[in-house]
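First the structure, in the form of structure tokens, and then the observations on it.
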Amino acid sequence: MDKYFGETLLPGQLGHFFIILSLVASIVACFAFFRATRAGIEPAAAQWKKLARYAFITQAVSVLAIFSLLFFIIYNHLFEYRYAWQHSSRSLEFKYLLACFWEGQEGSFLLWSLWHCILGLVLIRTSGKWETPVMTIISFVQVCIATMVMGIYFGDFRLGSNPFLLMRDSGLYDNAPFMHIGGDLAQGIRPDYLSFIKDGNDLNPLLQNRWMVIHPPVLFLGFASTIVPFAFAISGLWLKRFTEWTKAAMPWTLFSVAVFGVGIMMGAWWAYESLTFGGYWAWDPVENASLVPWLILVSGVHTLLIFNSTGHSLRATYLFLLLGFAFVIYSTYLTRSGVLGEASVHSFTGDGMGYQLIFFLVILVLPSLLLYILRYKQIPAIRKEEQTSSREFWMFIGSLIFFFSALIIIGKTSVPVFNKIFGSSVAAPEDAEFAYNQIQIFVAIFIGILTAVTQYLKYKSTTGKSFLKKIAIPTVVAAIVAALVLTFGDINYSRQSYGFLIQIWVAVTCAIYAIIANAAYIWLGVRGKLGLSGGSIAHVGFGMVLLGILLSSAKKEILSYNTSGIPKDFFGKNSKEKPGENLTLVKGIAMKMGKFDVTYLGDSAHPKKQQWYFNIHFKSRTDNEEFTLRPNAFVNYKGNEGLMANPDSKHYPGHDIFTYVSALPNKEKVMDTASFSSNKVAVGDSIFYSQGVLVLESLTSRDNLPIDGFKPGDQGTVAKLRAFSFNKSSYAAQPLLIQAGGQQLSMPDTIMPLSLIVKINSTDGQTADIGVKESDAILEFVTLKAYKFPFINLLWLGIVVTALGTFMSMARRIRVNRLSKES
Amino acid sequence: MKKIHIIGLVFIAASIAVLISFLQTASTYDTVDTAISKQGKFVHLMARWDSTAPLQYDAIRNPNFLSFTAVDSLSKTIRVVYHNPKPDNFEMSERLVLKGKYNGEFFDCESIQTKCPSKYKEDTKQMEKSLQQTTSL
């Protein structure tokens, strides 16, 4: 019985079924893996394990089915489903259909869950005796995530949010009378409601960017992969096999560090390309929330290496790996519960899931920390202290610095949470970014030095002589390079104190040292053996990242300083005008911006959307270079009033020119309320207007004019006017006054670039009454902001090199593990 | 006590010191009266635009000067000067978070965060609005 016309309900019903199935299967898998672990080597263990594997595979298939069904719904624009209506539209390009999949809470939880499934299947194949305990933990987390997409009510409390919810069940029509029978809200929804839904709400325009297709999957793989080292560590504590798991966990931890790091920086790249705060990193809570677990995981990977090489630092390793995952869950709470509210510009709002996420924190994080505390004394630790000349000592110090850096960042980020708990009203400081930078610059300095030096130390202890001999050359080279960069690099960051500038110089030197020392180590340390140099390559990349961050931030220049030629005291002597960072370009008039003359050529509209592309032409005054940038903006897009601007950049090897539209004339709003002024002038006299003077150059009478309908006997007067504006350009105008058959007809002339309209009111021999009107309504202009970003490519390249090096290390660890298994 | 322990304690102390000093530089959410009483101190002024008072903004002459009057929930008003282009959804904004300081004459604003009913896609009101746009009778 079809109560409503045109609905396609099957995918939704299947979806509901698979959601329930995935929950049940993950519960079964968790329980069976648990029993298999407890059974140990008893015969029953094999039975439990078999059941558990089938259950987990069922779960994985279910999640994949949910994923596919939801994509089917989005792809086919089935707007009877709220998820499709809310996140997509018919005009959305195919490539962004995936992006709208993960725009919503439900889709991103599904993505996370899907990665857990894939990682779980790999672990079932590869982890051998660690399979059952590790999979118990992963299955347990899968149960938690499965409840996030349930959408079942218990009284007033809703457990999770269902992606297959129908529009008519979503409550969205509750205040829309036209969707109800007879236009009456008290009546039911009309059976033919679907025929009125023409299009979807669409994907948020800011997310319509190529990075949004790839960044969330990679970041979520990073998020998801932190569970593997966590599960290994918990298994070790649980089964009291404290030391056996560390070698097996090593490649997984490296994998997690690499993928997570790349995922974060893809987000930074997206921010750089499509947001308009003028950079790639703003210490926004959402960014911090993913950076913090990554930093802790990096600490964990280093202490894990220390333990595998020397037997030290096992307790710290446990702590870091447990906290790495704990902060992933905490970050999810921060960004998904709506708690950040005022503090973040782009956090998800709460869908009432805050309590559910707090519940996860409580049942996942507290027991694991409790287990850690209870077993702490039993975790083996070497009594003898590390020597200060040993590699492990300084590696550990480096790990600690990363760890505390992470704690400081998350402490600052959590202020809204503290406000909520304690009812306080602490807000971000005046310069929120500097509050982070002034601390993290020290982290950069110390980590830079440690990264450079530590590889040259040996485990256990190092003799001063051999160390000095090896490190002497890279140190001298780095010192020379750094001196050259500082001398000729023109690094003059003037927004903060001189002391901060010196810190930047020191940090730049340390980053250069890290790059050169690690690059040299590939030859000096491991004699060019590529198999062993993964770590060094990753560290070279990391040094490049540091250097790229420092240079691009310290040398960022604003090109669009308001140098429009309008005298500063134009607004009056006492005006508190500051030179601004935004420049208005009137169509067709070149403005100076750095070494460029910049002209707004015009705009063009997207064929289907309310999206405009602005052609901004850059022409260098010093060489023949010219190019056109096309920043775009969504204007009043689907109920999002206002401007959503996307920047555009010109990429050079050494720097980027980055520009975006910061304001537009509101064409509907500006009304032509200005009126003509009256100015009685003789030829040669001037008329003042707000941006300069007009000069009446001549006044001539004609008895023929090339105008339609101008008959013999009619009289015409032509006034030649020249307008001089403050920016030294001048424009001609020729208004006419026609006397025809006793009637007067004034034909005004417009000087578009100056938004001036001039006309002749009346003439009397060699004097005339000239009407002048200034109006915004006739003008086409854009206000934009432009930056020069130097060395941004060094940062991106550094990320790639770091990830590459980390993957090389991972491959090596997998090989070593395999060899030791075989022997 | 091991060296590592000493270093760990130093880090803990340093972190606490950093967080405390952060709290001291941190600002507060304020009303017009409390913002005026904290003259020269950076605050987050929670208010909205008073559309009855004149607004001065001319993107052509100077896109970096906006002057308007803000009114808070206690109906207290203050003149605000902002050296950036007018945020595009300024007029529609239900609430403004004005970050800046009172300088004795006016509120010198460094950044404006507009809070529109449409700021978040999840917002029901905005969804209903969008619903009307995407349907046709």
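Residue numbering restarts at 1 for every chain of the structure tokens, chains are lettered A, B, ... in their displayed order, and ligands are numbered from 1 as they appear.
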Kindly determine which residues of chain A lie within 7 Å of chain B, considering only C-alpha atoms, and give the answer as a VMD selection string. chain A and resid 172 196 to 201 349 385 404 408 425 to 430 580 582 to 584 638 to 643 662 to 663 783
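Close contacts of range 465-472 of chain A, defined as residues with an atom at most 9 Å away when counting only C-alpha atoms, with chain neighbours fewer than 5 positions off set aside, comprise A:Val453, A:Tyr456, A:Leu457, A:Lys458, A:Val477, A:Ala517, A:Ala520, A:Tyr521, A:Leu524, A:Gly525.
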Next, the residues of the selection above should be written as a CSV table (one decimal), in the first residue's frame with C-alpha atoms.
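Wrote again25.csv, looks like this:
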chain,number,residue,atom,x,y,z
A,453,VAL,CA,71.5,15.5,16.6
A,456,TYR,CA,74.2,10.6,15.5
A,457,LEU,CA,74.1,9.2,19.1
A,458,LYS,CA,74.4,5.5,19.7
A,477,VAL,CA,77.3,23.0,6.6
A,517,ALA,CA,72.0,16.6,9.5
A,520,ALA,CA,73.8,13.7,5.8
A,521,TYR,CA,73.0,10.8,8.1
A,524,LEU,CA,77.3,9.1,7.2
A,525,GLY,CA,75.2,6.8,9.4
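Across the model, the gap from CA of Thr451 in chain A to CA of Gln387 in chain A is 18.3 Å.
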Residues of chain B in alpha helix (DSSP H) according to DSSP, as JSON, numbers by chain? {"B": [3, 4, 5, 6, 7, 8, 9, 10, 11, 12, 13, 14, 15, 16, 17, 18, 19, 20, 21, 22, 23, 24, 25, 32, 33, 34, 35, 36, 37, 124, 125, 126, 127, 128, 129, 130, 131, 132, 133, 134]}
Need to verify the contact set: Trp394 in chain A, 9 Å, only C-alpha atoms, exclusion of same-chain residues closer than 6 positions in sequence. Can you return it as a PDB file with N, CA and C atoms, in the first residue's frame?
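As a result, out_32.pdb now contains:
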ATOM      1  N   THR A 388      73.272  10.016  29.659  1.00  0.00           N
ATOM      2  CA  THR A 388      72.950  11.246  28.923  1.00  0.00           C
ATOM      3  C   THR A 388      73.596  11.264  27.545  1.00  0.00           C
ATOM      4  N   LEU A 450      66.954  18.366  18.434  1.00  0.00           N
ATOM      5  CA  LEU A 450      66.967  16.942  18.769  1.00  0.00           C
ATOM      6  C   LEU A 450      66.880  16.079  17.510  1.00  0.00           C
ATOM      7  N   THR A 454      70.100  13.640  17.399  1.00  0.00           N
ATOM      8  CA  THR A 454      69.906  12.376  18.109  1.00  0.00           C
ATOM      9  C   THR A 454      70.324  11.152  17.301  1.00  0.00           C
ATOM     10  N   LEU A 457      73.755   9.902  17.821  1.00  0.00           N
ATOM     11  CA  LEU A 457      74.109   9.235  19.084  1.00  0.00           C
ATOM     12  C   LEU A 457      73.842   7.750  18.932  1.00  0.00           C
TER      13      LEU A 457
END
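Minimum distance to Ser256 in chain A across A:Phe232, A:Trp238, A:Trp294, A:Phe434 (counting only C-alpha atoms) occurs at A:Trp294.
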I'd like the contact shell of Ile152 in chain A - 12 Å cut-off, only C-alpha atoms, skipping same-chain residues fewer than 5 positions apart - returned as a PyMOL selection string. chain A and resi 16+19-20+146-147+157-163+165
Would you write out those residues with N, CA and C atoms, as a compact mmCIF listing (two decimals), in the first residue's frame?
# COMPACT_ATOMS: atom_id res chain seq x y z
N HIS A 16 18.15 -0.03 7.02
CA HIS A 16 17.78 -0.30 8.41
C HIS A 16 18.19 -1.70 8.83
N ILE A 19 21.90 -1.97 9.32
CA ILE A 19 22.35 -1.26 10.53
C ILE A 19 22.17 -2.17 11.75
N ILE A 20 20.99 -2.79 11.83
CA ILE A 20 20.74 -3.71 12.95
C ILE A 20 21.71 -4.89 12.88
N ALA A 146 28.53 1.58 15.89
CA ALA A 146 27.27 1.14 15.27
C ALA A 146 26.07 1.81 15.93
N THR A 147 26.16 2.05 17.25
CA THR A 147 25.03 2.71 17.92
C THR A 147 24.88 4.16 17.48
N PHE A 157 15.20 10.06 24.80
CA PHE A 157 16.61 9.99 24.42
C PHE A 157 16.76 9.24 23.11
N ARG A 158 17.44 9.89 22.18
CA ARG A 158 17.64 9.22 20.90
C ARG A 158 19.04 8.67 20.84
N LEU A 159 19.13 7.38 20.57
CA LEU A 159 20.44 6.74 20.46
C LEU A 159 20.89 6.82 19.00
N GLY A 160 21.91 7.63 18.77
CA GLY A 160 22.44 7.75 17.41
C GLY A 160 21.49 8.47 16.47
N SER A 161 21.93 8.60 15.22
CA SER A 161 21.14 9.30 14.23
C SER A 161 21.16 8.48 12.95
N ASN A 162 19.98 8.15 12.45
CA ASN A 162 19.90 7.21 11.34
C ASN A 162 20.03 7.90 9.99
N PRO A 163 20.96 7.46 9.15
CA PRO A 163 21.13 8.13 7.85
C PRO A 163 19.99 7.83 6.88
N LEU A 165 16.83 8.09 7.52
CA LEU A 165 15.62 8.76 7.96
C LEU A 165 14.92 9.41 6.76
Which of chain B counts as strand (DSSP E) under DSSP, as number ranges by chain please? B: 27-30, 43-49, 56-58, 62-71, 77-82, 95-102, 107-115
Please write the residues from the selection above to a file, keeping C-alpha atoms, as a PDB file, in the first residue's frame.
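Saved to result-v5.pdb:
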ATOM      1  CA  SER B  27      39.713  37.520  27.652  1.00  0.00           C
ATOM      2  CA  THR B  28      36.075  37.366  28.663  1.00  0.00           C
ATOM      3  CA  TYR B  29      32.598  37.593  27.192  1.00  0.00           C
ATOM      4  CA  ASP B  30      31.152  40.985  28.072  1.00  0.00           C
ATOM      5  CA  VAL B  43      37.032  41.613  25.373  1.00  0.00           C
ATOM      6  CA  HIS B  44      34.422  39.656  23.439  1.00  0.00           C
ATOM      7  CA  LEU B  45      31.431  41.970  23.316  1.00  0.00           C
ATOM      8  CA  MET B  46      28.182  40.113  22.755  1.00  0.00           C
ATOM      9  CA  ALA B  47      25.682  42.398  21.046  1.00  0.00           C
ATOM     10  CA  ARG B  48      23.691  42.960  17.914  1.00  0.00           C
ATOM     11  CA  TRP B  49      23.518  45.698  15.330  1.00  0.00           C
ATOM     12  CA  GLN B  56      28.763  54.403   7.990  1.00  0.00           C
ATOM     13  CA  TYR B  57      30.354  52.277   5.300  1.00  0.00           C
ATOM     14  CA  ASP B  58      31.495  53.074   1.800  1.00  0.00           C
ATOM     15  CA  ASN B  62      37.380  52.966   1.981  1.00  0.00           C
ATOM     16  CA  PRO B  63      36.559  49.301   2.327  1.00  0.00           C
ATOM     17  CA  ASN B  64      38.433  49.251   5.629  1.00  0.00           C
ATOM     18  CA  PHE B  65      36.167  51.476   7.648  1.00  0.00           C
ATOM     19  CA  LEU B  66      32.842  50.474   9.133  1.00  0.00           C
ATOM     20  CA  SER B  67      31.151  52.362  11.919  1.00  0.00           C
ATOM     21  CA  PHE B  68      27.863  51.369  13.502  1.00  0.00           C
ATOM     22  CA  THR B  69      26.048  51.178  16.803  1.00  0.00           C
ATOM     23  CA  ALA B  70      25.795  47.942  18.726  1.00  0.00           C
ATOM     24  CA  VAL B  71      23.163  47.201  21.313  1.00  0.00           C
ATOM     25  CA  THR B  77      24.405  50.953  23.076  1.00  0.00           C
ATOM     26  CA  ILE B  78      27.949  51.691  21.988  1.00  0.00           C
ATOM     27  CA  ARG B  79      29.551  53.010  18.813  1.00  0.00           C
ATOM     28  CA  VAL B  80      31.747  50.435  17.082  1.00  0.00           C
ATOM     29  CA  VAL B  81      34.520  51.063  14.567  1.00  0.00           C
ATOM     30  CA  TYR B  82      35.830  48.189  12.497  1.00  0.00           C
ATOM     31  CA  ARG B  95      23.950  38.308  17.151  1.00  0.00           C
ATOM     32  CA  LEU B  96      27.463  39.688  16.791  1.00  0.00           C
ATOM     33  CA  VAL B  97      30.537  38.650  18.709  1.00  0.00           C
ATOM     34  CA  LEU B  98      32.671  41.791  18.579  1.00  0.00           C
ATOM     35  CA  LYS B  99      36.285  41.218  19.535  1.00  0.00           C
ATOM     36  CA  GLY B 100      38.144  44.351  20.472  1.00  0.00           C
ATOM     37  CA  LYS B 101      38.533  46.994  23.150  1.00  0.00           C
ATOM     38  CA  TYR B 102      36.836  50.148  24.308  1.00  0.00           C
ATOM     39  CA  PHE B 107      34.630  50.231  20.697  1.00  0.00           C
ATOM     40  CA  ASP B 108      37.641  49.547  18.501  1.00  0.00           C
ATOM     41  CA  CYS B 109      36.753  46.222  16.960  1.00  0.00           C
ATOM     42  CA  GLU B 110      39.337  43.846  15.535  1.00  0.00           C
ATOM     43  CA  SER B 111      37.078  41.093  14.380  1.00  0.00           C
ATOM     44  CA  ILE B 112      33.374  40.493  14.001  1.00  0.00           C
ATOM     45  CA  GLN B 113      31.881  37.055  14.227  1.00  0.00           C
ATOM     46  CA  THR B 114      28.384  37.063  12.830  1.00  0.00           C
ATOM     47  CA  LYS B 115      25.935  34.604  14.259  1.00  0.00           C
TER      48      LYS B 115
END
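In this model, the gap between CA of Leu366 in chain A and CA of Gly261 in chain A comes to 26.2 Å.
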Show which residues sit within 7 Å of Val257 in chain A, as number ranges by chain. Count only C-alpha atoms, and ignore same-chain residues fewer than 3 positions away. A: 253-254, 260-261, 294, 297-298
Could you write out the selected residues, including N, CA and C atoms, as a PDB file, in the first residue's frame?
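Result file is out_8.pdb:
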ATOM      1  N   THR A 253      51.860   1.375  14.173  1.00  0.00           N
ATOM      2  CA  THR A 253      51.974   2.719  14.739  1.00  0.00           C
ATOM      3  C   THR A 253      52.567   3.671  13.708  1.00  0.00           C
ATOM      4  N   LEU A 254      53.577   3.178  12.978  1.00  0.00           N
ATOM      5  CA  LEU A 254      54.163   4.009  11.922  1.00  0.00           C
ATOM      6  C   LEU A 254      53.130   4.337  10.849  1.00  0.00           C
ATOM      7  N   PHE A 260      47.705   9.542   9.368  1.00  0.00           N
ATOM      8  CA  PHE A 260      47.074  10.581  10.185  1.00  0.00           C
ATOM      9  C   PHE A 260      47.681  11.945   9.846  1.00  0.00           C
ATOM     10  N   GLY A 261      49.011  11.988   9.787  1.00  0.00           N
ATOM     11  CA  GLY A 261      49.696  13.245   9.480  1.00  0.00           C
ATOM     12  C   GLY A 261      49.308  13.774   8.112  1.00  0.00           C
ATOM     13  N   TRP A 294      47.760  13.085  17.134  1.00  0.00           N
ATOM     14  CA  TRP A 294      48.884  12.781  16.249  1.00  0.00           C
ATOM     15  C   TRP A 294      50.211  13.027  16.975  1.00  0.00           C
ATOM     16  N   LEU A 297      50.852  10.332  19.375  1.00  0.00           N
ATOM     17  CA  LEU A 297      51.211   9.107  18.669  1.00  0.00           C
ATOM     18  C   LEU A 297      52.661   9.146  18.191  1.00  0.00           C
ATOM     19  N   VAL A 298      53.120  10.324  17.774  1.00  0.00           N
ATOM     20  CA  VAL A 298      54.523  10.457  17.379  1.00  0.00           C
ATOM     21  C   VAL A 298      55.422  10.172  18.590  1.00  0.00           C
TER      22      VAL A 298
END
